[in-house]
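In what follows, a structure is listed as structure tokens, so that the remarks can point back to it.
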Amino acid sequence: MSSPISAGSLILEARGLTKSYDEGRVEALRGVDVKIDAGEYVAISGPSGSGKSTLLHLLGGLDTATQGQVFFKGSQLGKTVDLDSYRSHQVGFIFQAFYLLPTLRAVENVQVAMLAVNQRANHRAGRAAALLEEMGLQARMHHFPNQLSAGERQRVAIARALANDPTILLADEPTGNLDSVNSAHIMDLLRGIREQRGMTLIIVTHENDIAHNAPRHIRIRDGKIES
Amino acid sequence: MDSQLSFTGFAWKNLWRRRLRTLLTLVGITMGIGAFVALVGFSRAFEHEWMRMYTSSGIDIAVVQRNLLSSSIDESLATKISAVPDVAQVAPMIFNLMDLTPEVNALVYGWRANSYELDSLTLLSGHRFHDGAPEILLGDLLASNLGKKAGDMLSIQGTSFTVAGIYHGSTALEAGAVIMPLDQMQIIAGMEGKVTAFHVKLRPAPAGESYDEYVKGASAAIEAALPGTRAYPAAERAANNQIVALAHSVAWGTSAIALLIGILGIANTMAMSVFERTREIGILRALGWKGRHVILLILTEATALGFAGGLLGIAVGWGALRLLSTLPQTASIVSASVSPLHLFESLIIAIASGLLAGAYPAWRGARLSPVEALRYE
């Protein structure tokens, strides 16, 4: 599944994505088409309920479309690409609510992502420590989530998203629970990671600053792409 | 500080976060396995003791009434058995479990004074009893529990008996028993002219014939001579006499109920755990965990509960057996010995219980849609 990706080549493509809930009574997405190149930084914005998070979930293989397809490097998700493998090897998720596991220390929260990909225990621990250090959390890696600030928790979540060296980083309102200082810090961190690693970064946000600062901005309303 | 997270370490942390629930679940499975170890161990040891007793007494065949739970045969049939060519000696006998005092019960045997079975016992004090006399012999363990010695009196079922002697028996069934003249036993059991069984000692097997074949042939000859009876080789009789069969049934029945409760406890714990961790399972799925990883995690937790409960249950069950083997009420029929095979079997049952109990919650956890699970409040 993982052939080399050169910057600028098509990495993700959505064709006619429709997602409906409640036996078709609610349509979150209505025939969305989108193409994203490798290494791109894309912001998706729109009002609440516009379908932006649903689109992100479909692009990340967290959910399946009612109609339409998502292609990763030309291969259809869920058909020729196994969704679990796609999520573990190609995609890193960052959520607004961090979603750290409360019983695990920061360094263990990062390792938990690697348990699914059969890496050796000492490699997992070493990589988790290195990533947390990269996030500036070397002094906090043995703390539990409830002992960390919101900004620190989101940095742990970013380290966890990077654990399996994905090609795509998907962030769903990553600054939604943060103050302005921490928001700016997290956005700097994400942009730096993308530039340094050549990753594709797709951010769902309702914050205009973040959306406008992205090189590409997709606006979505009522389940359709506006621009 | 090294913080390597392993799969089993993760499972352990999940169990540890709800300590009280984990502990209560462990108590449930511990009781189930403890009951299995103690009760089934007891019934098997009981059977083993019967076999040892038959072997030490030189009994080859036990003749009982066919198709009846409580055997009762005419004593006079002894002469017909004696007439079978391979038979060396015939010992008519009655056995029963009786209350000697409100606290102490024991196996009571009725034997003839000239029974060859008495030859295997070592008389420690006193003398053998006489037919027709209200005399008894006490096993050394029972005598010690009752505080009796040769010459003392003991009342059994309203009849006073003189303790003629104290003997040492090599099995708990002998050491904790009372032996009295067959005629006296027939009176107090209301079985005048009747016996429970005939214990047959055969002549030595002819050269070239296997013991098993020889006993089988003799059993068939006895059954042919005494229609309506069943002649069991000793090993077979040890496994299916009324008391052992009852002990097996009670042991397996009670253990099965206790185990079922333990299994339901684990199943409930794992189902609750999966329910409470719905969002966490969603996070794991979002991180790329496959359904089989979720299944493996939940089954690891359930199996760990089963394994730990198994070990504790073995300790509790073994402890209970040891305790029972020292109590006056039960010492005569309980042996503290448990075979390693039985302990291994108990542990396997405990682990299998964990797997069984975790199967449905694991399957349910694996089927959760990642995005639905993440939305779960």
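To be explicit about the labels: the chains of the structure tokens are called A, B, and onward in the order shown, and within each one the residues are counted from 1, while ligands get numbers from 1 in the order they are shown.
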Test item, strand (DSSP E or B) assignment across region 54-135 of chain B, answer as number ranges by chain:
B: 61-65, 73-74, 87-99, 105-111, 122-126, 135
Next, write the just-selected residues to a file, as a PDB file, in the first residue's frame, keeping C-alpha atoms as the atom set.
```pdb
ATOM      1  CA  ILE B  61     -14.474 -58.363  42.795  1.00  0.00           C
ATOM      2  CA  ALA B  62     -17.459 -56.731  44.487  1.00  0.00           C
ATOM      3  CA  VAL B  63     -20.800 -58.458  43.931  1.00  0.00           C
ATOM      4  CA  VAL B  64     -23.872 -56.236  44.311  1.00  0.00           C
ATOM      5  CA  GLN B  65     -27.509 -56.257  43.324  1.00  0.00           C
ATOM      6  CA  ILE B  73     -28.625 -59.292  48.607  1.00  0.00           C
ATOM      7  CA  ASP B  74     -29.370 -62.499  50.500  1.00  0.00           C
ATOM      8  CA  VAL B  87     -13.064 -67.791  43.941  1.00  0.00           C
ATOM      9  CA  ALA B  88     -10.748 -68.173  46.933  1.00  0.00           C
ATOM     10  CA  GLN B  89     -12.698 -66.330  49.626  1.00  0.00           C
ATOM     11  CA  VAL B  90     -16.012 -64.490  49.946  1.00  0.00           C
ATOM     12  CA  ALA B  91     -16.657 -61.762  52.522  1.00  0.00           C
ATOM     13  CA  PRO B  92     -20.294 -60.675  52.883  1.00  0.00           C
ATOM     14  CA  MET B  93     -20.489 -57.086  54.114  1.00  0.00           C
ATOM     15  CA  ILE B  94     -22.679 -54.092  54.778  1.00  0.00           C
ATOM     16  CA  PHE B  95     -21.483 -50.514  54.783  1.00  0.00           C
ATOM     17  CA  ASN B  96     -23.240 -47.309  55.630  1.00  0.00           C
ATOM     18  CA  LEU B  97     -22.512 -43.753  56.691  1.00  0.00           C
ATOM     19  CA  MET B  98     -23.799 -43.199  60.226  1.00  0.00           C
ATOM     20  CA  ASP B  99     -23.893 -40.434  62.822  1.00  0.00           C
ATOM     21  CA  ASN B 105     -20.165 -39.333  61.402  1.00  0.00           C
ATOM     22  CA  ALA B 106     -18.251 -42.232  59.979  1.00  0.00           C
ATOM     23  CA  LEU B 107     -18.398 -45.148  57.622  1.00  0.00           C
ATOM     24  CA  VAL B 108     -19.581 -48.227  59.463  1.00  0.00           C
ATOM     25  CA  TYR B 109     -18.771 -51.664  58.077  1.00  0.00           C
ATOM     26  CA  GLY B 110     -20.356 -54.934  59.052  1.00  0.00           C
ATOM     27  CA  TRP B 111     -17.961 -57.831  58.519  1.00  0.00           C
ATOM     28  CA  THR B 122      -2.991 -53.737  62.074  1.00  0.00           C
ATOM     29  CA  LEU B 123      -4.459 -54.093  65.543  1.00  0.00           C
ATOM     30  CA  LEU B 124      -2.918 -51.418  67.776  1.00  0.00           C
ATOM     31  CA  SER B 125      -4.696 -52.367  70.984  1.00  0.00           C
ATOM     32  CA  GLY B 126      -7.398 -54.757  72.218  1.00  0.00           C
ATOM     33  CA  GLU B 135     -18.354 -55.263  69.925  1.00  0.00           C
TER      34      GLU B 135
END
```
Give one line per residue of chain B that approaches chain A to at most 12 Å, naming the two atoms of the closest pair and their distance in Å to one decimal, counting only C-alpha atoms; sort by chain then ascending residue number and deliver it as a tab-separated table.
```
residue	atom	partner	partner_atom	distance
B:Met1	CA	A:His142	CA	8.1
B:Asp2	CA	A:Ala125	CA	7.8
B:Ser3	CA	A:Ala125	CA	6.6
B:Gln4	CA	A:Ala125	CA	5.2
B:Leu5	CA	A:Glu108	CA	5.8
B:Ser6	CA	A:Ala121	CA	6.6
B:Phe7	CA	A:Leu115	CA	6.9
B:Thr8	CA	A:Leu115	CA	10.7
B:Gly9	CA	A:Glu108	CA	10.2
B:Phe10	CA	A:Leu104	CA	8.2
B:Ala11	CA	A:Thr103	CA	10.8
B:Trp12	CA	A:Thr103	CA	10.5
B:Lys13	CA	A:Thr103	CA	6.7
B:Asn14	CA	A:Thr103	CA	7.3
B:Leu15	CA	A:Thr103	CA	10.3
B:Trp16	CA	A:Thr103	CA	9.1
B:Arg17	CA	A:Thr103	CA	7.0
B:Arg18	CA	A:Thr103	CA	10.6
B:Arg277	CA	A:Leu101	CA	9.9
B:Thr278	CA	A:Leu101	CA	11.9
B:Arg279	CA	A:Tyr99	CA	8.5
B:Glu280	CA	A:Leu101	CA	6.8
B:Ile281	CA	A:Leu101	CA	10.0
B:Gly282	CA	A:Leu62	CA	9.3
B:Ile283	CA	A:Tyr99	CA	6.7
B:Leu284	CA	A:Ala113	CA	7.3
B:Arg285	CA	A:Asp84	CA	7.4
B:Ala286	CA	A:Leu62	CA	6.3
B:Leu287	CA	A:Ala113	CA	5.5
B:Gly288	CA	A:Ser88	CA	3.7
B:Trp289	CA	A:Ala116	CA	5.2
B:Lys290	CA	A:Asp84	CA	5.5
B:Gly291	CA	A:Asp84	CA	8.4
B:Arg292	CA	A:Ala116	CA	9.9
B:His293	CA	A:Ala116	CA	7.0
B:Val294	CA	A:Ala116	CA	9.8
B:Leu296	CA	A:Ala116	CA	11.1
B:Leu297	CA	A:Leu115	CA	10.8
B:Ala366	CA	A:Asp84	CA	11.9
B:Leu368	CA	A:Asp63	CA	11.3
B:Ser369	CA	A:Asp63	CA	7.6
B:Pro370	CA	A:Leu62	CA	5.9
B:Val371	CA	A:Leu62	CA	5.8
B:Glu372	CA	A:Asp63	CA	8.7
B:Ala373	CA	A:Leu62	CA	10.4
B:Leu374	CA	A:Tyr99	CA	8.7
B:Arg375	CA	A:Ala97	CA	11.0
```
Can you list, as a list in words, every protein, DNA or RNA residue that comes within 6 Å of Arg15 (chain A) when you count only C-alpha atoms, leaving out same-chain residues fewer than 2 positions away?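 Everything that qualifies: Leu17, Asp33, Gly68 and Gln69 of chain A.
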Just N, CA and C atoms for this one: save the residues we selected as a compact mmCIF listing (two decimals), in the first residue's frame.
```txt
# COMPACT_ATOMS: atom_id res chain seq x y z
N LEU A 17 -18.96 12.10 -2.50
CA LEU A 17 -19.21 11.59 -1.14
C LEU A 17 -20.54 12.07 -0.59
N ASP A 33 -16.87 16.35 -3.86
CA ASP A 33 -15.67 15.93 -4.61
C ASP A 33 -14.51 16.79 -4.13
N GLY A 68 -20.48 7.18 -2.86
CA GLY A 68 -19.22 7.78 -3.23
C GLY A 68 -18.03 7.01 -2.68
N GLN A 69 -16.85 7.43 -3.09
CA GLN A 69 -15.64 6.71 -2.69
C GLN A 69 -14.53 7.68 -2.29
```
With only C-alpha atoms as the counted atoms, please give the residues lying no more than 9 Å from Ala220 (chain B), apart from itself and same-chain residues fewer than 5 positions off, as a PyMOL selection string. chain B and resi 215+225+230-231
_Give me, as a PyMOL selection string, the residues of chain A that a backbone DSSP run labels helix (DSSP H, G or I)._
chain A and resi 52-59+83-89+106-117+121-134+145-147+150-162+180-197+208-213
Exercise. Rounded to one decimal place, report the CA of Ala271 (chain B)-CA of Ala357 (chain B) distance in Å.
Key: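 If I compute the distance from CA of Ala271 (chain B) to CA of Ala357 (chain B), I get 9.1 Å.
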Of A:Ala38, A:Ala65, A:Val26, A:Leu56, the one nearest to Leu12 (chain A) when counting only C-alpha atoms is A:Ala38
Review point. Can you list, as a PyMOL selection string, every protein, DNA or RNA residue that comes within 12 Å of region 322-328 of chain B when you count only C-alpha atoms, leaving out same-chain residues fewer than 3 positions away?
Key: chain B and resi 37-39+41-42+45-46+99-106+141-147+172-173+176-177+315-319+331-338
Take the residues from that selection and put them in a file with N, CA and C atoms, as an mmCIF file, in the first residue's frame.
```
data_model
loop_
_atom_site.group_PDB
_atom_site.id
_atom_site.type_symbol
_atom_site.label_atom_id
_atom_site.label_comp_id
_atom_site.auth_asym_id
_atom_site.auth_seq_id
_atom_site.Cartn_x
_atom_site.Cartn_y
_atom_site.Cartn_z
ATOM 1 N N VAL B 37 -12.093 -27.425 42.888
ATOM 2 C CA VAL B 37 -10.896 -28.092 43.425
ATOM 3 C C VAL B 37 -11.272 -28.920 44.655
ATOM 4 N N ALA B 38 -12.031 -28.302 45.549
ATOM 5 C CA ALA B 38 -12.342 -28.979 46.809
ATOM 6 C C ALA B 38 -13.315 -30.142 46.600
ATOM 7 N N LEU B 39 -14.417 -29.865 45.919
ATOM 8 C CA LEU B 39 -15.461 -30.893 45.820
ATOM 9 C C LEU B 39 -15.077 -32.031 44.878
ATOM 10 N N GLY B 41 -12.079 -32.628 43.810
ATOM 11 C CA GLY B 41 -10.865 -33.224 44.396
ATOM 12 C C GLY B 41 -11.236 -34.201 45.495
ATOM 13 N N PHE B 42 -12.192 -33.791 46.304
ATOM 14 C CA PHE B 42 -12.650 -34.664 47.382
ATOM 15 C C PHE B 42 -13.257 -35.951 46.818
ATOM 16 N N ALA B 45 -10.533 -38.094 45.344
ATOM 17 C CA ALA B 45 -9.694 -38.673 46.402
ATOM 18 C C ALA B 45 -10.473 -39.771 47.121
ATOM 19 N N PHE B 46 -11.761 -39.532 47.254
ATOM 20 C CA PHE B 46 -12.629 -40.507 47.902
ATOM 21 C C PHE B 46 -12.622 -41.822 47.107
ATOM 22 N N ASP B 99 -24.248 -41.435 61.811
ATOM 23 C CA ASP B 99 -23.893 -40.434 62.822
ATOM 24 C C ASP B 99 -23.513 -41.170 64.103
ATOM 25 N N LEU B 100 -22.306 -40.902 64.604
ATOM 26 C CA LEU B 100 -21.881 -41.522 65.861
ATOM 27 C C LEU B 100 -22.176 -40.581 67.020
ATOM 28 N N THR B 101 -21.930 -39.302 66.777
ATOM 29 C CA THR B 101 -22.292 -38.252 67.729
ATOM 30 C C THR B 101 -22.886 -37.140 66.870
ATOM 31 N N PRO B 102 -23.457 -36.107 67.482
ATOM 32 C CA PRO B 102 -23.993 -35.014 66.650
ATOM 33 C C PRO B 102 -22.915 -34.393 65.748
ATOM 34 N N GLU B 103 -21.656 -34.441 66.174
ATOM 35 C CA GLU B 103 -20.585 -33.805 65.389
ATOM 36 C C GLU B 103 -19.851 -34.778 64.482
ATOM 37 N N VAL B 104 -19.856 -36.049 64.851
ATOM 38 C CA VAL B 104 -18.999 -36.997 64.131
ATOM 39 C C VAL B 104 -19.840 -38.045 63.419
ATOM 40 N N ASN B 105 -19.587 -38.189 62.098
ATOM 41 C CA ASN B 105 -20.165 -39.333 61.402
ATOM 42 C C ASN B 105 -19.030 -40.138 60.790
ATOM 43 N N ALA B 106 -19.327 -41.373 60.479
ATOM 44 C CA ALA B 106 -18.251 -42.232 59.979
ATOM 45 C C ALA B 106 -18.846 -43.364 59.154
ATOM 46 N N LEU B 141 -7.802 -43.089 63.594
ATOM 47 C CA LEU B 141 -8.165 -41.680 63.402
ATOM 48 C C LEU B 141 -9.498 -41.381 64.088
ATOM 49 N N LEU B 142 -10.462 -42.286 63.903
ATOM 50 C CA LEU B 142 -11.774 -42.089 64.504
ATOM 51 C C LEU B 142 -11.689 -42.181 66.028
ATOM 52 N N ALA B 143 -10.908 -43.151 66.516
ATOM 53 C CA ALA B 143 -10.762 -43.324 67.964
ATOM 54 C C ALA B 143 -10.193 -42.052 68.579
ATOM 55 N N SER B 144 -9.233 -41.471 67.870
ATOM 56 C CA SER B 144 -8.620 -40.239 68.365
ATOM 57 C C SER B 144 -9.647 -39.104 68.368
ATOM 58 N N ASN B 145 -10.437 -39.004 67.302
ATOM 59 C CA ASN B 145 -11.458 -37.947 67.234
ATOM 60 C C ASN B 145 -12.528 -38.113 68.307
ATOM 61 N N LEU B 146 -12.853 -39.380 68.607
ATOM 62 C CA LEU B 146 -13.898 -39.637 69.600
ATOM 63 C C LEU B 146 -13.340 -39.697 71.019
ATOM 64 N N GLY B 147 -12.020 -39.787 71.117
ATOM 65 C CA GLY B 147 -11.397 -39.930 72.437
ATOM 66 C C GLY B 147 -11.690 -41.284 73.054
ATOM 67 N N ALA B 172 -7.855 -43.462 54.613
ATOM 68 C CA ALA B 172 -8.745 -42.657 55.453
ATOM 69 C C ALA B 172 -10.076 -43.367 55.669
ATOM 70 N N LEU B 173 -10.503 -44.153 54.672
ATOM 71 C CA LEU B 173 -11.778 -44.861 54.772
ATOM 72 C C LEU B 173 -11.726 -45.952 55.833
ATOM 73 N N GLY B 176 -10.755 -43.987 59.565
ATOM 74 C CA GLY B 176 -11.839 -43.208 60.144
ATOM 75 C C GLY B 176 -13.129 -44.003 60.257
ATOM 76 N N ALA B 177 -13.036 -45.336 60.255
ATOM 77 C CA ALA B 177 -14.250 -46.158 60.193
ATOM 78 C C ALA B 177 -14.494 -46.968 61.472
ATOM 79 N N ALA B 315 -5.762 -22.391 45.571
ATOM 80 C CA ALA B 315 -5.279 -22.206 46.946
ATOM 81 C C ALA B 315 -6.436 -22.373 47.939
ATOM 82 N N VAL B 316 -7.579 -21.751 47.612
ATOM 83 C CA VAL B 316 -8.737 -21.819 48.520
ATOM 84 C C VAL B 316 -9.269 -23.260 48.605
ATOM 85 N N GLY B 317 -9.401 -23.911 47.430
ATOM 86 C CA GLY B 317 -9.940 -25.271 47.402
ATOM 87 C C GLY B 317 -9.045 -26.259 48.126
ATOM 88 N N TRP B 318 -7.752 -26.100 47.893
ATOM 89 C CA TRP B 318 -6.800 -27.003 48.548
ATOM 90 C C TRP B 318 -6.822 -26.773 50.064
ATOM 91 N N GLY B 319 -6.883 -25.490 50.419
ATOM 92 C CA GLY B 319 -6.952 -25.148 51.842
ATOM 93 C C GLY B 319 -8.197 -25.750 52.477
ATOM 94 N N ALA B 331 -13.110 -35.977 58.687
ATOM 95 C CA ALA B 331 -11.768 -36.540 58.538
ATOM 96 C C ALA B 331 -11.801 -37.970 58.003
ATOM 97 N N SER B 332 -12.877 -38.716 58.350
ATOM 98 C CA SER B 332 -12.892 -40.131 57.965
ATOM 99 C C SER B 332 -13.100 -40.329 56.480
ATOM 100 N N ILE B 333 -13.622 -39.335 55.786
ATOM 101 C CA ILE B 333 -13.900 -39.542 54.363
ATOM 102 C C ILE B 333 -13.181 -38.546 53.459
ATOM 103 N N VAL B 334 -12.439 -37.599 54.026
ATOM 104 C CA VAL B 334 -11.762 -36.592 53.203
ATOM 105 C C VAL B 334 -10.253 -36.782 53.273
ATOM 106 N N SER B 335 -9.649 -36.837 52.104
ATOM 107 C CA SER B 335 -8.192 -36.883 52.043
ATOM 108 C C SER B 335 -7.714 -35.527 51.528
ATOM 109 N N ALA B 336 -6.631 -35.020 52.103
ATOM 110 C CA ALA B 336 -6.122 -33.697 51.698
ATOM 111 C C ALA B 336 -5.333 -33.758 50.404
ATOM 112 N N SER B 337 -5.067 -34.964 49.926
ATOM 113 C CA SER B 337 -4.228 -35.058 48.730
ATOM 114 C C SER B 337 -5.031 -34.710 47.475
ATOM 115 N N VAL B 338 -4.423 -33.890 46.618
ATOM 116 C CA VAL B 338 -5.043 -33.518 45.341
ATOM 117 C C VAL B 338 -4.015 -33.811 44.259
#
```
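Excluding region 249-265 of chain B and any residue on its chain fewer than 4 positions from it, the residues at most 7 Å away by only C-alpha atoms are Thr25, Gly28, Ile29, Met31, Gly32, Ile33, Ala35, Phe36, Leu39, Val40, Ser43, Ala245, Thr269, Ser353, Gly354 and Ala357 of chain B.
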**Message:** Rounded to one decimal, what separation in Å do you get between CA of Glu173 (chain A) and CA of Ser149 (chain A)?
**Reply:**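 Value for the CA of Glu173 (chain A)-CA of Ser149 (chain A) distance: 17.3 Å.
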- Task: Determine the nearest neighbour of Arg216 (chain A) from the options A:Leu201, A:Gln96, A:Glu133, A:Gly192, counting only C-alpha atoms.
- Result: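 Comparing A:Leu201, A:Gln96, A:Glu133, A:Gly192 against Arg216 (chain A), the winner is A:Leu201.
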Quiz prompt | Length of the CA of Asn240 (chain B) to CA of Ser72 (chain B) vector [Å] | solution =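 We find that CA of Asn240 (chain B) and CA of Ser72 (chain B) lie 16.0 Å from each other.
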Counting only C-alpha atoms, closest pick from A:Asp22, A:Glu134, A:Glu13, A:Asp37 relative to Gly74 (chain A) is A:Glu13
